[in-house]
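Participant: Input: one structure, supplied below.
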Amino acid sequence: MSYPRIDLNGALVAITGAARGIGLATARAFVAEGAHVALGDLDEALAVRAAADLGDRAMGHALDVTDKSSYAAFLDAAARWRGRPLDVLVNNAGVMPNGAFLAQSDRIDQLTMDVNVYGVIHGMRLALPGMVERGRGHVVNVASLAGKFPIKGLAVYNASKYAVVGLTAATRLELDETGVSVSAVLPSAVRTELSSGIDYGILPAVDPEDIADAVVRTVKTRAAETAVPGYVGLMANAAGLVPESLLKVVRKAAHDDAAITRVDDTVRRVYLDRIEKQ
């Protein structure tokens, strides 16, 4: 369908997990378009510093996406800051623990689902009613190509991102003809702390700025799904048509167990220690 145009010059955008990585790159990209951007992050001090670096078009605020009241406070603060309703919400916050499924802890599994799935649900449930009432608005859920293609060593992360892809597609259908759009952006491996220490071999790695560009682009295209890079998305969709025996050969050649066997434990431990403290 045709959606009401959102002029990013002066628009209000809220981004979760925005103090670093993809979130911060996305904040920069929206500010460059003339938008006012609220950066929410569990690390409030880092979010405030990041916003200060972006100038008077940005604000930083504490945000725990697993806590719906915290999410509501973040969105309320953003609206009060600019004195206008939210135009674009970017659900970017996420965690990616790696390791063999049987070796993962229940607590980290729960954290993964709480952040990656319920964090997105909370944001959508809070932001969408107002958007629907106004007849305009856009939500971008940063999922992953791991939401279309399973990877050894990332089983629960896979599950969480499959959930986000399905949630995005279903709510997009429900909101048809409301003027409000919901899009998913599906990155390949991104050069951020999230994937630090893992050698993905031939899997293409992209920069946070590549994902940020894709997120901003969805405001204009309102595309249902945008893979980064695009050709990997086509390959992930086509994988389901390949016989399992042949796919196993391809997977082995591509070292599809990298998240278990090709890990620099010293580098990776810095990230894992941080999320285990959440």
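Each chain of the structure tokens is named A, B, ... in the order shown, its residues numbered from 1; ligands are numbered from 1 in display order.
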Would you return as JSON, numbers by chain the members of stretch 71-228 of chain A that DSSP assigns to alpha helix (DSSP H) on this structure's backbone?

Facilitator: {"A": [71, 72, 73, 74, 75, 76, 77, 78, 79, 80, 81, 82, 106, 107, 108, 109, 110, 111, 112, 113, 119, 120, 121, 122, 123, 124, 125, 126, 127, 128, 129, 130, 131, 132, 133, 134, 155, 156, 157, 158, 159, 160, 161, 162, 163, 164, 165, 166, 167, 168, 169, 170, 171, 172, 173, 174, 208, 209, 210, 211, 212, 213, 214, 215, 216, 217, 218, 219, 220, 221]}

Participant: Dump as CSV the rows for residues of stretch 194-260 of chain A within 12 Å of stretch 3-6 of chain A: closest atom pair and distance in Å with one decimal, only C-alpha atoms counted, ordered by chain and rising residue number.

Facilitator:
```
residue,atom,partner,partner_atom,distance
A:Val216,CA,A:Ile6,CA,11.1
A:Arg217,CA,A:Ile6,CA,11.6
A:Thr218,CA,A:Ile6,CA,10.8
A:Val219,CA,A:Ile6,CA,7.0
A:Lys220,CA,A:Arg5,CA,7.6
A:Thr221,CA,A:Tyr3,CA,9.4
A:Arg222,CA,A:Tyr3,CA,7.8
A:Ala223,CA,A:Tyr3,CA,11.0
```

Participant: Write the residues of the selection above to a file with N, CA and C atoms, as a PDB file, in the first residue's frame.

Facilitator:
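Output contents, as saved in out_0.pdb:
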```pdb
ATOM      1  N   VAL A 216      17.532   3.841   7.644  1.00  0.00           N
ATOM      2  CA  VAL A 216      17.021   5.130   7.171  1.00  0.00           C
ATOM      3  C   VAL A 216      16.279   4.952   5.853  1.00  0.00           C
ATOM      4  N   ARG A 217      16.812   4.102   4.999  1.00  0.00           N
ATOM      5  CA  ARG A 217      16.187   3.888   3.684  1.00  0.00           C
ATOM      6  C   ARG A 217      14.774   3.328   3.806  1.00  0.00           C
ATOM      7  N   THR A 218      14.524   2.517   4.831  1.00  0.00           N
ATOM      8  CA  THR A 218      13.183   1.934   4.974  1.00  0.00           C
ATOM      9  C   THR A 218      12.114   2.989   5.242  1.00  0.00           C
ATOM     10  N   VAL A 219      12.521   4.138   5.790  1.00  0.00           N
ATOM     11  CA  VAL A 219      11.548   5.216   6.015  1.00  0.00           C
ATOM     12  C   VAL A 219      11.010   5.706   4.676  1.00  0.00           C
ATOM     13  N   LYS A 220      11.828   5.605   3.655  1.00  0.00           N
ATOM     14  CA  LYS A 220      11.428   6.066   2.324  1.00  0.00           C
ATOM     15  C   LYS A 220      10.772   4.939   1.519  1.00  0.00           C
ATOM     16  N   THR A 221      11.315   3.721   1.620  1.00  0.00           N
ATOM     17  CA  THR A 221      10.795   2.618   0.804  1.00  0.00           C
ATOM     18  C   THR A 221       9.653   1.868   1.475  1.00  0.00           C
ATOM     19  N   ARG A 222       9.649   1.855   2.815  1.00  0.00           N
ATOM     20  CA  ARG A 222       8.709   1.069   3.625  1.00  0.00           C
ATOM     21  C   ARG A 222       8.757  -0.415   3.252  1.00  0.00           C
ATOM     22  N   ALA A 223       9.909  -0.880   2.800  1.00  0.00           N
ATOM     23  CA  ALA A 223      10.068  -2.284   2.412  1.00  0.00           C
ATOM     24  C   ALA A 223       9.825  -3.194   3.607  1.00  0.00           C
TER      25      ALA A 223
END
```

Participant: So the first atom is atom CA of A:Tyr271 and the second is atom CA of A:Ala51; what is the distance between them in Å, to one decimal place?

Facilitator: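 One can read the atom CA of A:Tyr271 to atom CA of A:Ala51 distance as 22.6 Å.
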
Participant: Neighbours of stretch 61-78 of chain A within 8 Å (only C-alpha atoms; same-chain residues fewer than 5 positions away dropped), as a PyMOL selection string?

Facilitator: chain A and resi 12+14+16+38-44+47-48+86+93+114-115+118-120+122-123+126-127

Participant: Write the selection just made, keeping N, CA, C and O atoms, as a PDB file, in the first residue's frame?

Facilitator:
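Result file is again01.pdb:
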```
ATOM      1  N   LEU A  12      10.780  13.114  14.756  1.00  0.00           N
ATOM      2  CA  LEU A  12      11.265  12.561  16.020  1.00  0.00           C
ATOM      3  C   LEU A  12      11.480  11.065  15.859  1.00  0.00           C
ATOM      4  O   LEU A  12      10.554  10.324  15.501  1.00  0.00           O
ATOM      5  N   ALA A  14      13.198   7.547  17.758  1.00  0.00           N
ATOM      6  CA  ALA A  14      13.708   6.923  18.976  1.00  0.00           C
ATOM      7  C   ALA A  14      14.423   5.628  18.594  1.00  0.00           C
ATOM      8  O   ALA A  14      13.905   4.836  17.803  1.00  0.00           O
ATOM      9  N   THR A  16      16.699   2.252  20.188  1.00  0.00           N
ATOM     10  CA  THR A  16      17.130   1.494  21.359  1.00  0.00           C
ATOM     11  C   THR A  16      18.528   0.903  21.127  1.00  0.00           C
ATOM     12  O   THR A  16      18.939   0.689  19.989  1.00  0.00           O
ATOM     13  N   ALA A  38      16.265  10.427  19.813  1.00  0.00           N
ATOM     14  CA  ALA A  38      16.392  10.023  21.214  1.00  0.00           C
ATOM     15  C   ALA A  38      17.150   8.706  21.267  1.00  0.00           C
ATOM     16  O   ALA A  38      16.732   7.719  20.649  1.00  0.00           O
ATOM     17  N   LEU A  39      18.266   8.711  21.985  1.00  0.00           N
ATOM     18  CA  LEU A  39      19.102   7.521  22.111  1.00  0.00           C
ATOM     19  C   LEU A  39      18.812   6.848  23.453  1.00  0.00           C
ATOM     20  O   LEU A  39      19.076   7.438  24.509  1.00  0.00           O
ATOM     21  N   GLY A  40      18.273   5.654  23.423  1.00  0.00           N
ATOM     22  CA  GLY A  40      18.024   4.908  24.647  1.00  0.00           C
ATOM     23  C   GLY A  40      19.011   3.778  24.799  1.00  0.00           C
ATOM     24  O   GLY A  40      19.337   3.093  23.821  1.00  0.00           O
ATOM     25  N   ASP A  41      19.510   3.582  26.017  1.00  0.00           N
ATOM     26  CA  ASP A  41      20.486   2.504  26.227  1.00  0.00           C
ATOM     27  C   ASP A  41      20.535   2.141  27.704  1.00  0.00           C
ATOM     28  O   ASP A  41      20.296   2.985  28.576  1.00  0.00           O
ATOM     29  N   LEU A  42      20.876   0.880  27.958  1.00  0.00           N
ATOM     30  CA  LEU A  42      21.040   0.412  29.328  1.00  0.00           C
ATOM     31  C   LEU A  42      22.152   1.181  30.028  1.00  0.00           C
ATOM     32  O   LEU A  42      22.096   1.431  31.230  1.00  0.00           O
ATOM     33  N   ASP A  43      23.169   1.565  29.251  1.00  0.00           N
ATOM     34  CA  ASP A  43      24.271   2.377  29.771  1.00  0.00           C
ATOM     35  C   ASP A  43      23.900   3.850  29.576  1.00  0.00           C
ATOM     36  O   ASP A  43      24.191   4.457  28.544  1.00  0.00           O
ATOM     37  N   GLU A  44      23.221   4.424  30.572  1.00  0.00           N
ATOM     38  CA  GLU A  44      22.719   5.792  30.438  1.00  0.00           C
ATOM     39  C   GLU A  44      23.843   6.797  30.213  1.00  0.00           C
ATOM     40  O   GLU A  44      23.720   7.689  29.361  1.00  0.00           O
ATOM     41  N   ALA A  47      25.000   6.716  26.707  1.00  0.00           N
ATOM     42  CA  ALA A  47      23.978   7.271  25.812  1.00  0.00           C
ATOM     43  C   ALA A  47      23.981   8.794  25.859  1.00  0.00           C
ATOM     44  O   ALA A  47      23.863   9.462  24.821  1.00  0.00           O
ATOM     45  N   VAL A  48      24.110   9.353  27.054  1.00  0.00           N
ATOM     46  CA  VAL A  48      24.132  10.806  27.205  1.00  0.00           C
ATOM     47  C   VAL A  48      25.361  11.400  26.522  1.00  0.00           C
ATOM     48  O   VAL A  48      25.276  12.429  25.836  1.00  0.00           O
ATOM     49  N   LEU A  86       6.021  10.731  18.319  1.00  0.00           N
ATOM     50  CA  LEU A  86       7.064   9.925  17.688  1.00  0.00           C
ATOM     51  C   LEU A  86       6.709   9.622  16.232  1.00  0.00           C
ATOM     52  O   LEU A  86       5.592   9.222  15.921  1.00  0.00           O
ATOM     53  N   ALA A  93      18.130  -2.681  20.082  1.00  0.00           N
ATOM     54  CA  ALA A  93      18.822  -3.333  21.208  1.00  0.00           C
ATOM     55  C   ALA A  93      18.801  -4.856  21.059  1.00  0.00           C
ATOM     56  O   ALA A  93      17.762  -5.439  20.718  1.00  0.00           O
ATOM     57  N   ASP A 114      14.346 -12.091  26.390  1.00  0.00           N
ATOM     58  CA  ASP A 114      13.785 -10.870  26.991  1.00  0.00           C
ATOM     59  C   ASP A 114      14.222  -9.622  26.224  1.00  0.00           C
ATOM     60  O   ASP A 114      13.412  -8.721  25.966  1.00  0.00           O
ATOM     61  N   VAL A 115      15.503  -9.551  25.872  1.00  0.00           N
ATOM     62  CA  VAL A 115      16.014  -8.379  25.161  1.00  0.00           C
ATOM     63  C   VAL A 115      15.598  -8.403  23.693  1.00  0.00           C
ATOM     64  O   VAL A 115      15.025  -7.441  23.173  1.00  0.00           O
ATOM     65  N   TYR A 118      11.107  -9.682  23.639  1.00  0.00           N
ATOM     66  CA  TYR A 118      10.178  -8.860  24.418  1.00  0.00           C
ATOM     67  C   TYR A 118      10.546  -7.382  24.386  1.00  0.00           C
ATOM     68  O   TYR A 118       9.666  -6.521  24.487  1.00  0.00           O
ATOM     69  N   GLY A 119      11.821  -7.072  24.192  1.00  0.00           N
ATOM     70  CA  GLY A 119      12.197  -5.671  24.020  1.00  0.00           C
ATOM     71  C   GLY A 119      11.521  -5.069  22.803  1.00  0.00           C
ATOM     72  O   GLY A 119      11.046  -3.924  22.831  1.00  0.00           O
ATOM     73  N   VAL A 120      11.445  -5.843  21.732  1.00  0.00           N
ATOM     74  CA  VAL A 120      10.785  -5.391  20.507  1.00  0.00           C
ATOM     75  C   VAL A 120       9.270  -5.302  20.724  1.00  0.00           C
ATOM     76  O   VAL A 120       8.621  -4.326  20.322  1.00  0.00           O
ATOM     77  N   HIS A 122       7.627  -4.851  23.541  1.00  0.00           N
ATOM     78  CA  HIS A 122       7.318  -3.713  24.407  1.00  0.00           C
ATOM     79  C   HIS A 122       7.300  -2.417  23.601  1.00  0.00           C
ATOM     80  O   HIS A 122       6.372  -1.602  23.723  1.00  0.00           O
ATOM     81  N   GLY A 123       8.321  -2.197  22.790  1.00  0.00           N
ATOM     82  CA  GLY A 123       8.405  -0.968  22.025  1.00  0.00           C
ATOM     83  C   GLY A 123       7.242  -0.810  21.063  1.00  0.00           C
ATOM     84  O   GLY A 123       6.653   0.274  20.940  1.00  0.00           O
ATOM     85  N   LEU A 126       3.924  -0.027  22.820  1.00  0.00           N
ATOM     86  CA  LEU A 126       3.876   1.333  23.352  1.00  0.00           C
ATOM     87  C   LEU A 126       3.777   2.388  22.252  1.00  0.00           C
ATOM     88  O   LEU A 126       3.071   3.389  22.403  1.00  0.00           O
ATOM     89  N   ALA A 127       4.480   2.188  21.159  1.00  0.00           N
ATOM     90  CA  ALA A 127       4.550   3.215  20.122  1.00  0.00           C
ATOM     91  C   ALA A 127       3.441   3.121  19.086  1.00  0.00           C
ATOM     92  O   ALA A 127       2.981   4.147  18.568  1.00  0.00           O
TER      93      ALA A 127
END
```

Participant: Taking only C-alpha atoms into account, which of A:Gly17, A:Pro208, A:Gly135, A:Gly230 comes nearest A:Asn91?

Facilitator: A:Gly17

Participant: What is the atom CA of A:Ser195-atom CA of A:Val228 distance in Å, reported with one decimal?

Facilitator: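 Distance reported for this atom pair: 15.5 Å.
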
Participant: Extract, using only C-alpha atoms, all DNA, RNA and protein residues at most 6 Å from A:Val13, discarding same-chain residues fewer than 6 positions from it, and format them as a ChimeraX atom specification.

Facilitator: /A:37,87-89

Participant: With distances taken over only C-alpha atoms, which of A:Ala224, A:Val132, A:Ile151, A:Ala214 is nearest to A:Ala170?

Facilitator: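 For A:Ala170, the nearest of the candidates is A:Ala224.
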
Participant: Determine the nearest neighbour of A:Ala52 from the options A:Ile275, A:Ala19, A:Ala11, A:Ala35, counting only C-alpha atoms.

Facilitator: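 Answer, going by the shortest atom-to-atom distance: A:Ala19.
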
Participant: Counting only C-alpha atoms, which residue out of A:Pro229, A:Ala155, A:Pro187, A:Phe149 sits closest to A:Arg251?

Facilitator: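 The answer is A:Phe149, which sits nearest to A:Arg251.
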
Participant: Taking the chain letters and numbering used in this document, name the residues of stretch 17-60 of chain A that DSSP puts in strand (DSSP E or B), as a list of chain:residue names.

Facilitator: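 Strand (DSSP E or B) members of stretch 17-60 of chain A, listed: A:His36, A:Val37, A:Ala38, A:Leu39, A:Gly40, A:Asp41, A:Ala58, A:Met59, A:Gly60.
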